Amino acid sequence: MNNNNEEFIRLYNELDSFIDEKYDRYEEDSSIYFLINRFRKSSIPIEKEYAKKLDSIRKIRNLYVHESGIIDDLFLVSDEVILTLKEIINYVKDPLRAKDIMTSFNDLKLAYDETNIDALISIIYEEGISNIPYINDKHIVKGVFNSDVLLNLHFHNVGLSKETKIKEIKDYLTFEANFNSRFIFVNENYEIDVLNEYFNNSKELYKKRLPIIFVTSSGRSDGILKGIISPIDLIKNSKK
């Protein structure tokens, strides 16, 4: 077996074993195929691309298993395939985390008790920011200001003016008051594939959409806000 072919089998087995360990898998079915299906279901473009490449790699490996002694004389694994396999291994072993893709605290539009509601409405409609975290003076998230809040205020006939401040309507910004969306909290070390699953499965599991994920110091709602993650952050930052 030539050097590339030997390296190919070594890397393939390395990835196979790591998947079992990472996802605590002890099933008899293929770990590589498990990862392929996981990538196929992902909304992250790079993972969809990896699914295609890894499926081709799986087929090459199966040729070696079932046609050993023949295929090696006819087929030489290219340098490109070796590099692709190494790239996928690095991606799985050293994934992007919440801290790598979040919009950090200093770049966020935020609402405080004294924030004027008129200014927040302008941010939503002029800057296209759909959800604005409402935080206290300790930077702990107390709720979210969004278009659903405005609809809720209208439904309850709450009078608003340009001078209305957040503290006057804060009961309508709580997570409990939001009927259409849910919000979750994670710490900075959550891996990108876990965050992806949260976004993908929210509507099916909870009948509510997950517009953003809050990243806090503790990974809980009582932690200090570090940043937020939206599905767009997940997609645009998925390539290292």
# chains A, B, ... in the order shown; residues from 1 in each chain; ligands from 1
call {"tool": "residues_around", "arguments": {"residues": "segment 194-211 of chain A", "least_positions_apart": "6", "cutoff": "9 Å", "atoms": "only C-alpha atoms", "output": "list of chain:residue names"}}
result
A:Lys41, A:Ser42, A:Ser43, A:Ile44, A:Arg97, A:Ala98, A:Ser130, A:Asn131, A:Phe179, A:Asn180, A:Ser181, A:Arg182, A:Phe183, A:Ile184, A:Val186, A:Ile229, A:Ser230, A:Pro231, A:Leu234
call {"tool": "write_last_selection", "arguments": {"atoms": "N, CA, C and O atoms", "output": "compact mmCIF listing (two decimals), in the first residue's frame"}}
result
# COMPACT_ATOMS: atom_id res chain seq x y z
N LYS A 41 -28.19 17.33 7.85
CA LYS A 41 -29.34 18.00 8.48
C LYS A 41 -28.99 19.41 8.95
O LYS A 41 -29.87 20.16 9.37
N SER A 42 -27.72 19.75 8.90
CA SER A 42 -27.27 21.04 9.41
C SER A 42 -27.69 22.19 8.49
O SER A 42 -27.85 22.01 7.28
N SER A 43 -27.86 23.36 9.07
CA SER A 43 -28.14 24.57 8.29
C SER A 43 -26.85 25.32 7.97
O SER A 43 -26.88 26.37 7.34
N ILE A 44 -25.73 24.78 8.43
CA ILE A 44 -24.43 25.42 8.21
C ILE A 44 -23.86 24.96 6.86
O ILE A 44 -23.64 23.76 6.65
N ARG A 97 -16.91 27.68 18.60
CA ARG A 97 -17.73 27.73 19.80
C ARG A 97 -18.50 29.05 19.86
O ARG A 97 -18.27 29.94 19.03
N ALA A 98 -19.39 29.14 20.83
CA ALA A 98 -20.23 30.33 20.95
C ALA A 98 -19.40 31.61 20.96
O ALA A 98 -19.75 32.60 20.29
N SER A 130 -34.01 42.61 14.92
CA SER A 130 -35.33 42.11 15.31
C SER A 130 -35.53 41.98 16.81
O SER A 130 -36.64 42.13 17.31
N ASN A 131 -34.45 41.69 17.55
CA ASN A 131 -34.57 41.44 18.98
C ASN A 131 -33.50 42.23 19.74
O ASN A 131 -32.31 42.06 19.49
N PHE A 179 -45.15 35.01 23.50
CA PHE A 179 -45.87 33.78 23.17
C PHE A 179 -45.34 33.07 21.92
O PHE A 179 -45.54 31.87 21.75
N ASN A 180 -44.65 33.81 21.05
CA ASN A 180 -44.24 33.23 19.77
C ASN A 180 -42.79 32.75 19.74
O ASN A 180 -42.41 31.97 18.88
N SER A 181 -41.98 33.24 20.67
CA SER A 181 -40.55 32.91 20.65
C SER A 181 -40.10 32.39 22.00
O SER A 181 -40.69 32.70 23.03
N ARG A 182 -39.05 31.58 21.96
CA ARG A 182 -38.38 31.16 23.18
C ARG A 182 -36.94 31.63 23.11
O ARG A 182 -36.39 31.87 22.02
N PHE A 183 -36.33 31.76 24.25
CA PHE A 183 -34.94 32.23 24.31
C PHE A 183 -34.18 31.33 25.27
O PHE A 183 -34.70 30.95 26.32
N ILE A 184 -32.96 30.97 24.90
CA ILE A 184 -32.16 30.11 25.76
C ILE A 184 -30.81 30.76 26.04
O ILE A 184 -30.40 31.71 25.36
N VAL A 186 -26.62 30.04 26.96
CA VAL A 186 -25.48 29.12 26.90
C VAL A 186 -24.24 29.84 27.38
O VAL A 186 -24.21 31.08 27.46
N ILE A 229 -26.24 35.16 19.73
CA ILE A 229 -26.03 34.41 18.49
C ILE A 229 -27.36 34.29 17.78
O ILE A 229 -28.37 33.92 18.38
N SER A 230 -27.36 34.61 16.49
CA SER A 230 -28.53 34.42 15.64
C SER A 230 -28.21 33.35 14.61
O SER A 230 -27.04 32.99 14.43
N PRO A 231 -29.21 32.82 13.91
CA PRO A 231 -28.92 31.85 12.85
C PRO A 231 -27.97 32.41 11.79
O PRO A 231 -27.16 31.67 11.24
N LEU A 234 -24.44 32.01 12.86
CA LEU A 234 -24.04 30.62 12.72
C LEU A 234 -23.55 30.34 11.30
O LEU A 234 -22.55 29.66 11.09
call {"tool": "residues_around", "arguments": {"residues": "Phe39 of chain A", "least_positions_apart": "2", "cutoff": "9 Å", "atoms": "only C-alpha atoms", "output": "list in words"}}
result
Phe34, Leu35, Ile36, Asn37, Lys41, Ser42, Ser43, Ile44, Ile46, Glu47, Lys48, Glu49, Tyr50, Ala51, Lys52 and Asp193 of chain A
call {"tool": "closest_residue", "arguments": {"among": "A:Ser30, A:Asn189, A:Ser221, A:Asn116", "to": "Lys167 of chain A", "atoms": "only C-alpha atoms"}}
result
A:Asn116
call {"tool": "atom_distance", "arguments": {"atom1": "atom CA of Gly219 of chain A", "atom2": "atom CA of Glu188 of chain A"}}
result
7.6 Å
call {"tool": "residues_around", "arguments": {"residues": "segment 59-68 of chain A", "least_positions_apart": "3", "cutoff": "12 Å", "atoms": "only C-alpha atoms", "output": "PDB file with N, CA, C and O atoms, in the first residue's frame"}}
result
ATOM      1  N   MET A   1       0.849  -1.192   0.000  1.00  0.00           N
ATOM      2  CA  MET A   1       0.000   0.000   0.000  1.00  0.00           C
ATOM      3  C   MET A   1       0.885   1.243   0.000  1.00  0.00           C
ATOM      4  O   MET A   1       1.839   1.333   0.746  1.00  0.00           O
ATOM      5  N   ASN A   5      -2.302   5.999   0.541  1.00  0.00           N
ATOM      6  CA  ASN A   5      -3.348   5.033   0.870  1.00  0.00           C
ATOM      7  C   ASN A   5      -3.275   4.616   2.343  1.00  0.00           C
ATOM      8  O   ASN A   5      -4.302   4.488   3.013  1.00  0.00           O
ATOM      9  N   GLU A   6      -2.093   4.429   2.832  1.00  0.00           N
ATOM     10  CA  GLU A   6      -1.924   4.100   4.244  1.00  0.00           C
ATOM     11  C   GLU A   6      -2.399   5.248   5.130  1.00  0.00           C
ATOM     12  O   GLU A   6      -3.077   5.037   6.140  1.00  0.00           O
ATOM     13  N   GLU A   7      -2.021   6.466   4.748  1.00  0.00           N
ATOM     14  CA  GLU A   7      -2.429   7.636   5.518  1.00  0.00           C
ATOM     15  C   GLU A   7      -3.940   7.818   5.482  1.00  0.00           C
ATOM     16  O   GLU A   7      -4.553   8.206   6.476  1.00  0.00           O
ATOM     17  N   PHE A   8      -4.536   7.520   4.354  1.00  0.00           N
ATOM     18  CA  PHE A   8      -5.989   7.627   4.200  1.00  0.00           C
ATOM     19  C   PHE A   8      -6.710   6.719   5.203  1.00  0.00           C
ATOM     20  O   PHE A   8      -7.624   7.154   5.913  1.00  0.00           O
ATOM     21  N   ILE A   9      -6.288   5.463   5.266  1.00  0.00           N
ATOM     22  CA  ILE A   9      -6.925   4.513   6.179  1.00  0.00           C
ATOM     23  C   ILE A   9      -6.686   4.924   7.624  1.00  0.00           C
ATOM     24  O   ILE A   9      -7.594   4.842   8.467  1.00  0.00           O
ATOM     25  N   ARG A  10      -5.487   5.390   7.921  1.00  0.00           N
ATOM     26  CA  ARG A  10      -5.183   5.828   9.290  1.00  0.00           C
ATOM     27  C   ARG A  10      -6.072   6.995   9.707  1.00  0.00           C
ATOM     28  O   ARG A  10      -6.651   7.003  10.799  1.00  0.00           O
ATOM     29  N   LEU A  11      -6.207   7.972   8.831  1.00  0.00           N
ATOM     30  CA  LEU A  11      -7.021   9.154   9.141  1.00  0.00           C
ATOM     31  C   LEU A  11      -8.501   8.792   9.247  1.00  0.00           C
ATOM     32  O   LEU A  11      -9.213   9.310  10.109  1.00  0.00           O
ATOM     33  N   TYR A  12      -8.939   7.923   8.365  1.00  0.00           N
ATOM     34  CA  TYR A  12     -10.343   7.494   8.399  1.00  0.00           C
ATOM     35  C   TYR A  12     -10.654   6.818   9.736  1.00  0.00           C
ATOM     36  O   TYR A  12     -11.674   7.115  10.376  1.00  0.00           O
ATOM     37  N   ASN A  13      -9.770   5.932  10.179  1.00  0.00           N
ATOM     38  CA  ASN A  13      -9.976   5.239  11.447  1.00  0.00           C
ATOM     39  C   ASN A  13      -9.895   6.202  12.628  1.00  0.00           C
ATOM     40  O   ASN A  13     -10.611   6.043  13.627  1.00  0.00           O
ATOM     41  N   ASP A  16     -13.210   7.985  12.700  1.00  0.00           N
ATOM     42  CA  ASP A  16     -14.231   7.035  13.142  1.00  0.00           C
ATOM     43  C   ASP A  16     -14.200   6.865  14.662  1.00  0.00           C
ATOM     44  O   ASP A  16     -15.242   6.914  15.331  1.00  0.00           O
ATOM     45  N   SER A  30     -22.225   2.517  11.255  1.00  0.00           N
ATOM     46  CA  SER A  30     -21.059   3.331  10.940  1.00  0.00           C
ATOM     47  C   SER A  30     -21.083   4.688  11.625  1.00  0.00           C
ATOM     48  O   SER A  30     -22.048   5.442  11.516  1.00  0.00           O
ATOM     49  N   ILE A  32     -19.006   7.085  10.825  1.00  0.00           N
ATOM     50  CA  ILE A  32     -18.824   8.042   9.747  1.00  0.00           C
ATOM     51  C   ILE A  32     -20.173   8.391   9.118  1.00  0.00           C
ATOM     52  O   ILE A  32     -20.469   9.555   8.848  1.00  0.00           O
ATOM     53  N   TYR A  33     -20.999   7.396   8.918  1.00  0.00           N
ATOM     54  CA  TYR A  33     -22.312   7.651   8.325  1.00  0.00           C
ATOM     55  C   TYR A  33     -23.181   8.461   9.284  1.00  0.00           C
ATOM     56  O   TYR A  33     -23.990   9.287   8.855  1.00  0.00           O
ATOM     57  N   LYS A  52     -21.169  15.853   1.769  1.00  0.00           N
ATOM     58  CA  LYS A  52     -20.956  15.328   0.420  1.00  0.00           C
ATOM     59  C   LYS A  52     -19.559  14.725   0.285  1.00  0.00           C
ATOM     60  O   LYS A  52     -19.384  13.623  -0.248  1.00  0.00           O
ATOM     61  N   LYS A  53     -18.571  15.458   0.757  1.00  0.00           N
ATOM     62  CA  LYS A  53     -17.189  14.993   0.627  1.00  0.00           C
ATOM     63  C   LYS A  53     -16.940  13.740   1.467  1.00  0.00           C
ATOM     64  O   LYS A  53     -16.274  12.807   1.027  1.00  0.00           O
ATOM     65  N   LEU A  54     -17.503  13.736   2.673  1.00  0.00           N
ATOM     66  CA  LEU A  54     -17.275  12.600   3.566  1.00  0.00           C
ATOM     67  C   LEU A  54     -17.978  11.348   3.057  1.00  0.00           C
ATOM     68  O   LEU A  54     -17.486  10.231   3.251  1.00  0.00           O
ATOM     69  N   ASP A  55     -19.103  11.521   2.390  1.00  0.00           N
ATOM     70  CA  ASP A  55     -19.790  10.357   1.818  1.00  0.00           C
ATOM     71  C   ASP A  55     -18.939   9.732   0.713  1.00  0.00           C
ATOM     72  O   ASP A  55     -18.868   8.509   0.581  1.00  0.00           O
ATOM     73  N   SER A  56     -18.286  10.570  -0.087  1.00  0.00           N
ATOM     74  CA  SER A  56     -17.378  10.051  -1.122  1.00  0.00           C
ATOM     75  C   SER A  56     -16.182   9.349  -0.487  1.00  0.00           C
ATOM     76  O   SER A  56     -15.756   8.285  -0.949  1.00  0.00           O
ATOM     77  N   ILE A  71      -7.822  -3.215  -5.277  1.00  0.00           N
ATOM     78  CA  ILE A  71      -8.011  -1.779  -5.463  1.00  0.00           C
ATOM     79  C   ILE A  71      -6.720  -1.011  -5.260  1.00  0.00           C
ATOM     80  O   ILE A  71      -6.468   0.000  -5.899  1.00  0.00           O
ATOM     81  N   ASP A  72      -5.858  -1.506  -4.387  1.00  0.00           N
ATOM     82  CA  ASP A  72      -4.629  -0.778  -4.098  1.00  0.00           C
ATOM     83  C   ASP A  72      -3.689  -0.740  -5.296  1.00  0.00           C
ATOM     84  O   ASP A  72      -2.891   0.185  -5.442  1.00  0.00           O
ATOM     85  N   ASP A  73      -3.795  -1.736  -6.160  1.00  0.00           N
ATOM     86  CA  ASP A  73      -2.967  -1.758  -7.364  1.00  0.00           C
ATOM     87  C   ASP A  73      -3.525  -0.848  -8.453  1.00  0.00           C
ATOM     88  O   ASP A  73      -2.825  -0.483  -9.392  1.00  0.00           O
ATOM     89  N   LEU A  74      -4.792  -0.491  -8.328  1.00  0.00           N
ATOM     90  CA  LEU A  74      -5.455   0.296  -9.362  1.00  0.00           C
ATOM     91  C   LEU A  74      -5.730   1.731  -8.960  1.00  0.00           C
ATOM     92  O   LEU A  74      -5.919   2.587  -9.818  1.00  0.00           O
ATOM     93  N   PHE A  75      -5.739   1.994  -7.641  1.00  0.00           N
ATOM     94  CA  PHE A  75      -6.250   3.270  -7.173  1.00  0.00           C
ATOM     95  C   PHE A  75      -5.268   3.927  -6.211  1.00  0.00           C
ATOM     96  O   PHE A  75      -4.773   3.288  -5.290  1.00  0.00           O
ATOM     97  N   LEU A  76      -4.996   5.194  -6.432  1.00  0.00           N
ATOM     98  CA  LEU A  76      -4.108   5.968  -5.578  1.00  0.00           C
ATOM     99  C   LEU A  76      -4.899   7.135  -4.980  1.00  0.00           C
ATOM    100  O   LEU A  76      -5.455   7.953  -5.708  1.00  0.00           O
ATOM    101  N   VAL A  77      -4.971   7.183  -3.667  1.00  0.00           N
ATOM    102  CA  VAL A  77      -5.649   8.286  -2.997  1.00  0.00           C
ATOM    103  C   VAL A  77      -4.852   9.567  -3.233  1.00  0.00           C
ATOM    104  O   VAL A  77      -3.647   9.615  -3.001  1.00  0.00           O
ATOM    105  N   SER A  78      -5.536  10.601  -3.689  1.00  0.00           N
ATOM    106  CA  SER A  78      -4.863  11.856  -4.033  1.00  0.00           C
ATOM    107  C   SER A  78      -4.530  12.666  -2.795  1.00  0.00           C
ATOM    108  O   SER A  78      -5.103  12.477  -1.717  1.00  0.00           O
ATOM    109  N   VAL A  81      -7.638  14.456  -1.404  1.00  0.00           N
ATOM    110  CA  VAL A  81      -8.509  13.667  -0.518  1.00  0.00           C
ATOM    111  C   VAL A  81      -7.930  13.636   0.898  1.00  0.00           C
ATOM    112  O   VAL A  81      -8.662  13.778   1.879  1.00  0.00           O
ATOM    113  N   ILE A  82      -6.621  13.465   1.002  1.00  0.00           N
ATOM    114  CA  ILE A  82      -5.965  13.458   2.312  1.00  0.00           C
ATOM    115  C   ILE A  82      -6.171  14.800   3.012  1.00  0.00           C
ATOM    116  O   ILE A  82      -6.516  14.852   4.205  1.00  0.00           O
ATOM    117  N   LEU A  85      -9.795  15.134   4.224  1.00  0.00           N
ATOM    118  CA  LEU A  85     -10.039  14.311   5.408  1.00  0.00           C
ATOM    119  C   LEU A  85      -9.432  14.964   6.655  1.00  0.00           C
ATOM    120  O   LEU A  85     -10.058  14.997   7.728  1.00  0.00           O
TER     121      LEU A  85
END
call {"tool": "residues_around", "arguments": {"residues": "Val158 of chain A", "least_positions_apart": "5", "cutoff": "12 Å", "atoms": "only C-alpha atoms", "output": "list of chain:residue names"}}
result
A:Val149, A:Leu150, A:Leu151, A:Asn152, A:Leu153, A:Thr164, A:Glu168, A:Ile169, A:Asp171, A:Tyr172
call {"tool": "select_by_dssp", "arguments": {"residues": "segment 8-232 of chain A", "states": "strand (DSSP E or B)", "output": "PDB file with N, CA and C atoms, in the first residue's frame"}}
result
ATOM      1  N   ARG A  97     -16.907  27.684  18.601  1.00  0.00           N
ATOM      2  CA  ARG A  97     -17.728  27.734  19.798  1.00  0.00           C
ATOM      3  C   ARG A  97     -18.499  29.049  19.859  1.00  0.00           C
ATOM      4  N   THR A 103     -22.168  37.798  18.421  1.00  0.00           N
ATOM      5  CA  THR A 103     -22.029  39.246  18.367  1.00  0.00           C
ATOM      6  C   THR A 103     -21.758  39.692  19.797  1.00  0.00           C
ATOM      7  N   SER A 104     -20.587  40.243  20.052  1.00  0.00           N
ATOM      8  CA  SER A 104     -20.167  40.519  21.422  1.00  0.00           C
ATOM      9  C   SER A 104     -20.933  41.683  22.037  1.00  0.00           C
ATOM     10  N   ALA A 111     -31.349  47.606  25.503  1.00  0.00           N
ATOM     11  CA  ALA A 111     -32.394  48.406  26.137  1.00  0.00           C
ATOM     12  C   ALA A 111     -32.198  48.380  27.645  1.00  0.00           C
ATOM     13  N   ASN A 116     -35.532  55.120  25.771  1.00  0.00           N
ATOM     14  CA  ASN A 116     -36.772  55.594  25.163  1.00  0.00           C
ATOM     15  C   ASN A 116     -37.271  54.579  24.142  1.00  0.00           C
ATOM     16  N   ASN A 131     -34.455  41.692  17.550  1.00  0.00           N
ATOM     17  CA  ASN A 131     -34.568  41.443  18.985  1.00  0.00           C
ATOM     18  C   ASN A 131     -33.503  42.227  19.737  1.00  0.00           C
ATOM     19  N   ILE A 132     -33.947  43.070  20.657  1.00  0.00           N
ATOM     20  CA  ILE A 132     -33.038  43.914  21.431  1.00  0.00           C
ATOM     21  C   ILE A 132     -33.087  43.483  22.894  1.00  0.00           C
ATOM     22  N   PRO A 133     -31.979  42.984  23.437  1.00  0.00           N
ATOM     23  CA  PRO A 133     -31.977  42.538  24.838  1.00  0.00           C
ATOM     24  C   PRO A 133     -32.260  43.700  25.795  1.00  0.00           C
ATOM     25  N   TYR A 134     -33.099  43.431  26.762  1.00  0.00           N
ATOM     26  CA  TYR A 134     -33.383  44.383  27.838  1.00  0.00           C
ATOM     27  C   TYR A 134     -32.604  43.913  29.052  1.00  0.00           C
ATOM     28  N   ILE A 135     -31.663  44.733  29.545  1.00  0.00           N
ATOM     29  CA  ILE A 135     -30.778  44.314  30.629  1.00  0.00           C
ATOM     30  C   ILE A 135     -30.820  45.317  31.776  1.00  0.00           C
ATOM     31  N   ILE A 140     -27.440  41.823  33.265  1.00  0.00           N
ATOM     32  CA  ILE A 140     -28.197  40.576  33.280  1.00  0.00           C
ATOM     33  C   ILE A 140     -29.462  40.769  32.454  1.00  0.00           C
ATOM     34  N   VAL A 141     -29.745  39.837  31.562  1.00  0.00           N
ATOM     35  CA  VAL A 141     -30.879  39.960  30.656  1.00  0.00           C
ATOM     36  C   VAL A 141     -32.192  39.769  31.416  1.00  0.00           C
ATOM     37  N   LYS A 142     -33.087  40.731  31.250  1.00  0.00           N
ATOM     38  CA  LYS A 142     -34.396  40.662  31.910  1.00  0.00           C
ATOM     39  C   LYS A 142     -35.539  40.433  30.917  1.00  0.00           C
ATOM     40  N   GLY A 143     -35.239  40.567  29.634  1.00  0.00           N
ATOM     41  CA  GLY A 143     -36.272  40.369  28.626  1.00  0.00           C
ATOM     42  C   GLY A 143     -35.785  40.780  27.248  1.00  0.00           C
ATOM     43  N   VAL A 144     -36.722  40.876  26.318  1.00  0.00           N
ATOM     44  CA  VAL A 144     -36.386  41.218  24.934  1.00  0.00           C
ATOM     45  C   VAL A 144     -37.426  42.202  24.397  1.00  0.00           C
ATOM     46  N   PHE A 145     -36.937  43.218  23.696  1.00  0.00           N
ATOM     47  CA  PHE A 145     -37.839  44.145  23.003  1.00  0.00           C
ATOM     48  C   PHE A 145     -37.838  43.777  21.527  1.00  0.00           C
ATOM     49  N   ASN A 146     -39.028  43.512  20.980  1.00  0.00           N
ATOM     50  CA  ASN A 146     -39.155  43.163  19.567  1.00  0.00           C
ATOM     51  C   ASN A 146     -40.549  43.537  19.069  1.00  0.00           C
ATOM     52  N   LYS A 165     -40.761  55.160  28.357  1.00  0.00           N
ATOM     53  CA  LYS A 165     -39.486  54.489  28.638  1.00  0.00           C
ATOM     54  C   LYS A 165     -39.727  52.994  28.902  1.00  0.00           C
ATOM     55  N   SER A 181     -41.984  33.235  20.667  1.00  0.00           N
ATOM     56  CA  SER A 181     -40.550  32.910  20.652  1.00  0.00           C
ATOM     57  C   SER A 181     -40.102  32.389  22.003  1.00  0.00           C
ATOM     58  N   ILE A 184     -32.959  30.969  24.901  1.00  0.00           N
ATOM     59  CA  ILE A 184     -32.156  30.106  25.755  1.00  0.00           C
ATOM     60  C   ILE A 184     -30.809  30.755  26.039  1.00  0.00           C
ATOM     61  N   PHE A 185     -30.128  30.225  27.040  1.00  0.00           N
ATOM     62  CA  PHE A 185     -28.852  30.767  27.494  1.00  0.00           C
ATOM     63  C   PHE A 185     -27.787  29.681  27.440  1.00  0.00           C
ATOM     64  N   VAL A 186     -26.616  30.041  26.957  1.00  0.00           N
ATOM     65  CA  VAL A 186     -25.484  29.116  26.902  1.00  0.00           C
ATOM     66  C   VAL A 186     -24.240  29.845  27.378  1.00  0.00           C
ATOM     67  N   GLU A 191     -20.476  24.306  21.546  1.00  0.00           N
ATOM     68  CA  GLU A 191     -19.975  24.051  20.197  1.00  0.00           C
ATOM     69  C   GLU A 191     -21.021  24.414  19.150  1.00  0.00           C
ATOM     70  N   ARG A 209     -40.384  29.583  17.768  1.00  0.00           N
ATOM     71  CA  ARG A 209     -39.118  29.823  17.075  1.00  0.00           C
ATOM     72  C   ARG A 209     -38.068  30.289  18.079  1.00  0.00           C
ATOM     73  N   ILE A 213     -29.856  33.266  20.614  1.00  0.00           N
ATOM     74  CA  ILE A 213     -29.367  32.572  21.808  1.00  0.00           C
ATOM     75  C   ILE A 213     -28.508  33.558  22.590  1.00  0.00           C
ATOM     76  N   PHE A 214     -28.751  33.644  23.890  1.00  0.00           N
ATOM     77  CA  PHE A 214     -27.958  34.522  24.742  1.00  0.00           C
ATOM     78  C   PHE A 214     -26.733  33.773  25.260  1.00  0.00           C
ATOM     79  N   VAL A 215     -25.581  34.420  25.165  1.00  0.00           N
ATOM     80  CA  VAL A 215     -24.345  33.871  25.711  1.00  0.00           C
ATOM     81  C   VAL A 215     -24.031  34.651  26.986  1.00  0.00           C
ATOM     82  N   THR A 216     -24.003  33.953  28.118  1.00  0.00           N
ATOM     83  CA  THR A 216     -23.746  34.612  29.396  1.00  0.00           C
ATOM     84  C   THR A 216     -22.566  33.968  30.119  1.00  0.00           C
ATOM     85  N   ILE A 224     -23.975  37.190  33.480  1.00  0.00           N
ATOM     86  CA  ILE A 224     -23.696  38.461  32.810  1.00  0.00           C
ATOM     87  C   ILE A 224     -23.686  38.242  31.294  1.00  0.00           C
ATOM     88  N   LEU A 225     -24.389  39.098  30.570  1.00  0.00           N
ATOM     89  CA  LEU A 225     -24.485  38.957  29.118  1.00  0.00           C
ATOM     90  C   LEU A 225     -23.138  39.200  28.454  1.00  0.00           C
ATOM     91  N   LYS A 226     -22.697  38.230  27.656  1.00  0.00           N
ATOM     92  CA  LYS A 226     -21.445  38.338  26.904  1.00  0.00           C
ATOM     93  C   LYS A 226     -21.679  38.621  25.419  1.00  0.00           C
ATOM     94  N   GLY A 227     -22.812  38.145  24.909  1.00  0.00           N
ATOM     95  CA  GLY A 227     -23.115  38.342  23.493  1.00  0.00           C
ATOM     96  C   GLY A 227     -24.367  37.581  23.119  1.00  0.00           C
ATOM     97  N   ILE A 228     -24.745  37.662  21.851  1.00  0.00           N
ATOM     98  CA  ILE A 228     -25.880  36.889  21.358  1.00  0.00           C
ATOM     99  C   ILE A 228     -25.503  36.210  20.046  1.00  0.00           C
ATOM    100  N   ILE A 229     -26.239  35.155  19.735  1.00  0.00           N
ATOM    101  CA  ILE A 229     -26.027  34.410  18.492  1.00  0.00           C
ATOM    102  C   ILE A 229     -27.361  34.294  17.778  1.00  0.00           C
TER     103      ILE A 229
END
call {"tool": "select_by_dssp", "arguments": {"residues": "segment 10-204 of chain A", "states": "alpha helix (DSSP H)", "output": "ChimeraX atom specification"}}
result
/A:10-22,31-40,45-66,71-74,79-93,98-101,117-127,147-155,166-169,192-204
call {"tool": "closest_residue", "arguments": {"among": "A:Ile101, A:Ile212, A:Val92, A:Ile232", "to": "Asp20 of chain A", "atoms": "only C-alpha atoms"}}
result
A:Val92
